[in-house]
Amino acid sequence: MDDASTLLDRIIAAPDLASLEAVRVSALGKSGEITALLKSLGGMTSDQRAVEGPRIHALRERVTDALAARKDELEGAQLEARLATERLDLSLPAGDVPQGSVHPVSQVMDELAEIFADLGFAVAEGPEIEDDWHNFTALNIPETHPARAMHDTFYLAGEHDRPMVLRTHTSPVQIRTMMSQKPPIRIIAPGRVYRSDSDATHTPMFHQIEGLVIDKGITMGHLKWTLETFLKAFFERDDIVLRLRPSYFPFTEPSAEVDVGWSMEKGRRVIGGSDGWMEVLGSGMVHPRVIAACGLDPDEWQGFAFGTGVDRLAMLKYGMDDLRAFFDGDLRWLRHYGFSALDVPTLSGGVGA
Ligand code: DAH
């Protein structure tokens with residue numbers, strides 16, 4: 001069987017997958033040799049077909065098997081070659097290279113995501129260049145509202161459909177989430193925010209985290225429990241005492257500022273206990289107008305929201321006192337306050353790392 005042995009030889013000799021494919025086409029393709037043999041069966045007498053039929057089908061089977069076997073071999077060799085080039089000797093000593101560290105802001109954001117994920121919150125994001133509708137109007141801060149001036153907004157020059165700003169808070173992510181997701185909603189939104197302000201406790205860019213829950217029958221009790229659970233996990237103490245003080249935010253009604261108790265330990269103020277109070281969060285029940293602005297029926301859906309500064313949380317937990325140092329990029333500061341990349345916050349291992 002000459003045709004069989006040359007075909008099989010060519011299959012075995014194919015040096016790579018492309019040549020193997022060429023052999024396959026020349027045998028089994030539309031105008032391949034074996035295809036032609038199969039077609040020739042039609043013109044035979046039944047006696048001839050009884051002899052040639054099984055022979056040709058057997059030939060096709062041998063060729064098909066040989067093709068598959070060679071393909072396996074070539075693919076295996078290709079993988080081996082790739083693995084050989086990607087080989088990494090993990091036992092080699094690390095060079096004397098400068099070591100990076102995880103910035104406290106990133107670390108705290110990871111801690112917050114870990115704590116809130118455990119409570120069933122997803123992480124949501126929004127743009128840092130925002131339009132003034134999302135940043136203000138939809139949050140019940142109309143154009144003439146004094147809160148617009150309070151925010152020291154950076155406006156963007158140029159032609160836009162709507163006035164564009166650098167977002168002054170993470171609250172517009174509430175709006176974007178309510179407009180793009182169906183309730184029930186449970187999200188946190190950490191991110192950068194911008195205000196034209198600069199001194200020891202203010203930088204033009206800083207970080208906030210927003211929280212939002214929208215569901216049926218949500219009350220301030222849910223808000224307080226959530227914040228208490230979060231702050232206990234974050235500061236890793238059970239003696240966290242909260243005080244909700246009536247306040248005003250345009251996007252919540254009622255609104256409350258949340259103070260947390262502190263005490264003196266070794267001459268330092270630490271969170272926990274109740275020697276004094278420190279304000280840590282803004283919060284409240286989402287204003288019905290905000291819910292309606294997002295196209296939801298406020299008679300059906302209620303919720304709570306809160307917002308706070310991530311940098312401030314980091315300062316309170318890890319004891320830094322100058323906010324500006326966060327953004328100086330001073331290697332000595334980063335070495336001192338930075339975290340190892342292996343300090344991944346987990347609830348079981350301790351979010352404090
Ligand atoms: N967006 C507020 C700010 O930047 C913080 C805030 C207060 C957020 C109360 C909230 C909230 O969601 O309910 O000052």
# chains A, B, ... in the order shown; residues from 1 in each chain; ligands from 1
$ residues_near_ligand --ligand "ligand 1" --cutoff "9 Å" --atoms "only C-alpha atoms and all ligand atoms" --output "tab-separated table (two decimals) with C-alpha atoms, in the first residue's frame"
chain	number	residue	atom	x	y	z
A	151	HIS	CA	-16.50	72.32	48.44
A	168	THR	CA	-15.10	66.92	45.33
A	169	HIS	CA	-16.28	63.76	47.10
A	170	THR	CA	-17.00	60.09	46.41
A	171	SER	CA	-20.76	60.67	46.81
A	172	PRO	CA	-21.38	60.87	43.00
A	174	GLN	CA	-23.84	56.69	44.91
A	193	VAL	CA	-11.21	63.41	45.51
A	208	GLN	CA	-12.52	59.25	50.65
A	209	ILE	CA	-14.64	56.19	51.01
A	210	GLU	CA	-18.37	56.24	50.49
A	211	GLY	CA	-20.85	53.63	51.64
A	212	LEU	CA	-24.36	53.11	50.31
A	248	TYR	CA	-26.73	68.45	57.92
A	249	PHE	CA	-25.82	67.09	54.52
A	250	PRO	CA	-27.96	67.96	51.50
A	251	PHE	CA	-28.08	64.33	50.32
A	252	THR	CA	-29.23	62.75	53.59
A	253	GLU	CA	-32.24	63.35	55.85
A	255	SER	CA	-28.07	63.41	58.78
A	256	ALA	CA	-25.65	62.51	61.51
A	257	GLU	CA	-22.01	63.12	62.16
A	281	LEU	CA	-17.73	60.07	59.58
A	282	GLY	CA	-20.62	61.83	57.90
A	283	SER	CA	-23.76	59.78	57.40
A	284	GLY	CA	-27.51	59.70	57.19
A	285	MET	CA	-30.59	58.28	55.54
A	286	VAL	CA	-30.42	58.85	51.77
A	304	PHE	CA	-28.34	54.94	54.32
A	305	ALA	CA	-25.06	56.44	53.23
A	306	PHE	CA	-21.83	57.43	54.87
A	307	GLY	CA	-18.57	58.99	53.85
A	308	THR	CA	-15.21	59.59	55.41
A	309	GLY	CA	-11.57	60.37	54.66
$ residues_around --residues "Leu7 (chain A)" --least-positions-apart "4" --cutoff "12 Å" --atoms "only C-alpha atoms" --output "VMD selection string"
chain A and resid 1 to 3 11 to 14 20 22 to 28 32 to 34 59 to 60 62 to 64 66 to 67
$ residues_around --residues "region 310-323 of chain A" --least-positions-apart "5" --cutoff "7 Å" --atoms "only C-alpha atoms" --output "PDB file with N, CA, C and O atoms, in the first residue's frame"
ATOM      1  N   PRO A 104       0.356  53.456  52.976  1.00  0.00           N
ATOM      2  CA  PRO A 104      -0.706  53.291  53.969  1.00  0.00           C
ATOM      3  C   PRO A 104      -2.116  53.522  53.396  1.00  0.00           C
ATOM      4  O   PRO A 104      -3.068  52.858  53.826  1.00  0.00           O
ATOM      5  N   VAL A 105      -2.249  54.427  52.420  1.00  0.00           N
ATOM      6  CA  VAL A 105      -3.588  54.657  51.858  1.00  0.00           C
ATOM      7  C   VAL A 105      -4.080  53.409  51.130  1.00  0.00           C
ATOM      8  O   VAL A 105      -5.236  52.988  51.277  1.00  0.00           O
ATOM      9  N   VAL A 108      -4.930  50.792  53.787  1.00  0.00           N
ATOM     10  CA  VAL A 108      -6.199  51.035  54.475  1.00  0.00           C
ATOM     11  C   VAL A 108      -7.380  50.756  53.535  1.00  0.00           C
ATOM     12  O   VAL A 108      -8.389  50.186  53.932  1.00  0.00           O
ATOM     13  N   ALA A 200      -1.789  71.933  56.779  1.00  0.00           N
ATOM     14  CA  ALA A 200      -1.291  70.709  57.427  1.00  0.00           C
ATOM     15  C   ALA A 200      -2.322  69.577  57.417  1.00  0.00           C
ATOM     16  O   ALA A 200      -1.969  68.405  57.441  1.00  0.00           O
ATOM     17  N   THR A 201      -3.602  69.936  57.392  1.00  0.00           N
ATOM     18  CA  THR A 201      -4.611  68.882  57.434  1.00  0.00           C
ATOM     19  C   THR A 201      -5.419  68.784  56.137  1.00  0.00           C
ATOM     20  O   THR A 201      -6.369  68.027  56.056  1.00  0.00           O
ATOM     21  N   HIS A 202      -5.041  69.599  55.128  1.00  0.00           N
ATOM     22  CA  HIS A 202      -5.756  69.535  53.843  1.00  0.00           C
ATOM     23  C   HIS A 202      -4.764  69.484  52.697  1.00  0.00           C
ATOM     24  O   HIS A 202      -3.804  70.251  52.667  1.00  0.00           O
ATOM     25  N   PHE A 206      -7.118  64.161  48.027  1.00  0.00           N
ATOM     26  CA  PHE A 206      -7.104  63.250  49.179  1.00  0.00           C
ATOM     27  C   PHE A 206      -8.026  62.078  48.867  1.00  0.00           C
ATOM     28  O   PHE A 206      -8.503  61.959  47.734  1.00  0.00           O
ATOM     29  N   HIS A 207      -8.218  61.207  49.826  1.00  0.00           N
ATOM     30  CA  HIS A 207      -9.003  59.994  49.546  1.00  0.00           C
ATOM     31  C   HIS A 207     -10.217  59.896  50.455  1.00  0.00           C
ATOM     32  O   HIS A 207     -10.130  60.203  51.636  1.00  0.00           O
ATOM     33  N   GLN A 208     -11.310  59.471  49.863  1.00  0.00           N
ATOM     34  CA  GLN A 208     -12.523  59.246  50.650  1.00  0.00           C
ATOM     35  C   GLN A 208     -13.032  57.832  50.407  1.00  0.00           C
ATOM     36  O   GLN A 208     -12.652  57.181  49.432  1.00  0.00           O
ATOM     37  N   ILE A 209     -13.903  57.418  51.288  1.00  0.00           N
ATOM     38  CA  ILE A 209     -14.643  56.191  51.010  1.00  0.00           C
ATOM     39  C   ILE A 209     -16.107  56.487  51.298  1.00  0.00           C
ATOM     40  O   ILE A 209     -16.434  57.175  52.267  1.00  0.00           O
ATOM     41  N   PHE A 235     -10.411  49.279  63.746  1.00  0.00           N
ATOM     42  CA  PHE A 235      -9.471  49.642  64.810  1.00  0.00           C
ATOM     43  C   PHE A 235      -9.092  48.443  65.684  1.00  0.00           C
ATOM     44  O   PHE A 235      -8.288  48.568  66.602  1.00  0.00           O
TER      45      PHE A 235
END
$ closest_residue --among "A:Ala69, A:Met205, A:Ile291, A:Ile185" --to "Phe327 (chain A)" --atoms "only C-alpha atoms"
A:Met205
$ residues_around --residues "Gly261 (chain A)" --least-positions-apart "4" --cutoff "6 Å" --atoms "only C-alpha atoms" --output "PyMOL selection string"
chain A and resi 241+272-274+276-277
$ select_by_dssp --residues "region 54-258 of chain A" --states "strand (DSSP E or B)" --output "MDAnalysis selection string"
chainID A and resid 102 122:123 129:131 155 164:166 185:194 199 202 205:215 242:249 252:258
$ residues_around --residues "Ile56 (chain A)" --least-positions-apart "5" --cutoff "9 Å" --atoms "only C-alpha atoms" --output "VMD selection string"
chain A and resid 34 37 to 38 41 61
$ atom_distance --atom1 "CA of Thr137 (chain A)" --atom2 "CA of Ile187 (chain A)"
21.1 Å
$ select_by_dssp --residues "region 253-301 of chain A" --states "helix (DSSP H, G or I)" --output "list of chain:residue names"
A:Pro288, A:Arg289, A:Val290, A:Ile291, A:Ala292, A:Ala293
$ closest_residue --among "A:Trp225, A:Phe154, A:Phe121, A:Phe230" --to "Pro184 (chain A)" --atoms "only C-alpha atoms"
A:Phe121
$ closest_residue --among "A:Lys216, A:Arg148, A:Arg10, A:Arg186" --to "Ala122 (chain A)" --atoms "only C-alpha atoms"
A:Arg186
$ residues_around --residues "Asp16 (chain A)" --least-positions-apart "6" --cutoff "10 Å" --atoms "only C-alpha atoms" --output "ChimeraX atom specification"
/A:70-71,73-75,77-78
$ write_last_selection --atoms "N, CA and C atoms" --output "PDB file, in the first residue's frame"
ATOM      1  N   ARG A  70       0.642  12.635  15.762  1.00  0.00           N
ATOM      2  CA  ARG A  70       1.747  13.566  15.493  1.00  0.00           C
ATOM      3  C   ARG A  70       1.423  14.958  16.057  1.00  0.00           C
ATOM      4  N   LYS A  71       0.130  15.321  15.974  1.00  0.00           N
ATOM      5  CA  LYS A  71      -0.272  16.633  16.478  1.00  0.00           C
ATOM      6  C   LYS A  71      -0.010  16.699  17.993  1.00  0.00           C
ATOM      7  N   GLU A  73       2.187  15.027  19.633  1.00  0.00           N
ATOM      8  CA  GLU A  73       3.629  15.071  19.846  1.00  0.00           C
ATOM      9  C   GLU A  73       4.164  16.488  19.658  1.00  0.00           C
ATOM     10  N   LEU A  74       3.746  17.109  18.527  1.00  0.00           N
ATOM     11  CA  LEU A  74       4.256  18.452  18.228  1.00  0.00           C
ATOM     12  C   LEU A  74       3.800  19.473  19.267  1.00  0.00           C
ATOM     13  N   GLU A  75       2.533  19.360  19.694  1.00  0.00           N
ATOM     14  CA  GLU A  75       2.040  20.307  20.701  1.00  0.00           C
ATOM     15  C   GLU A  75       2.775  20.122  22.023  1.00  0.00           C
ATOM     16  N   ALA A  77       5.821  19.051  22.381  1.00  0.00           N
ATOM     17  CA  ALA A  77       7.179  19.584  22.238  1.00  0.00           C
ATOM     18  C   ALA A  77       7.148  21.109  22.343  1.00  0.00           C
ATOM     19  N   GLN A  78       6.113  21.707  21.727  1.00  0.00           N
ATOM     20  CA  GLN A  78       5.981  23.167  21.760  1.00  0.00           C
ATOM     21  C   GLN A  78       5.839  23.659  23.214  1.00  0.00           C
TER      22      GLN A  78
END
$ closest_residue --among "A:Ala113, A:Ile214, A:Val51, A:Val173" --to "His287 (chain A)" --atoms "only C-alpha atoms"
A:Ile214
$ closest_residue --among "A:Asp152, A:Glu86, A:Glu236, A:Pro183" --to "Ser196 (chain A)" --atoms "only C-alpha atoms"
A:Asp152
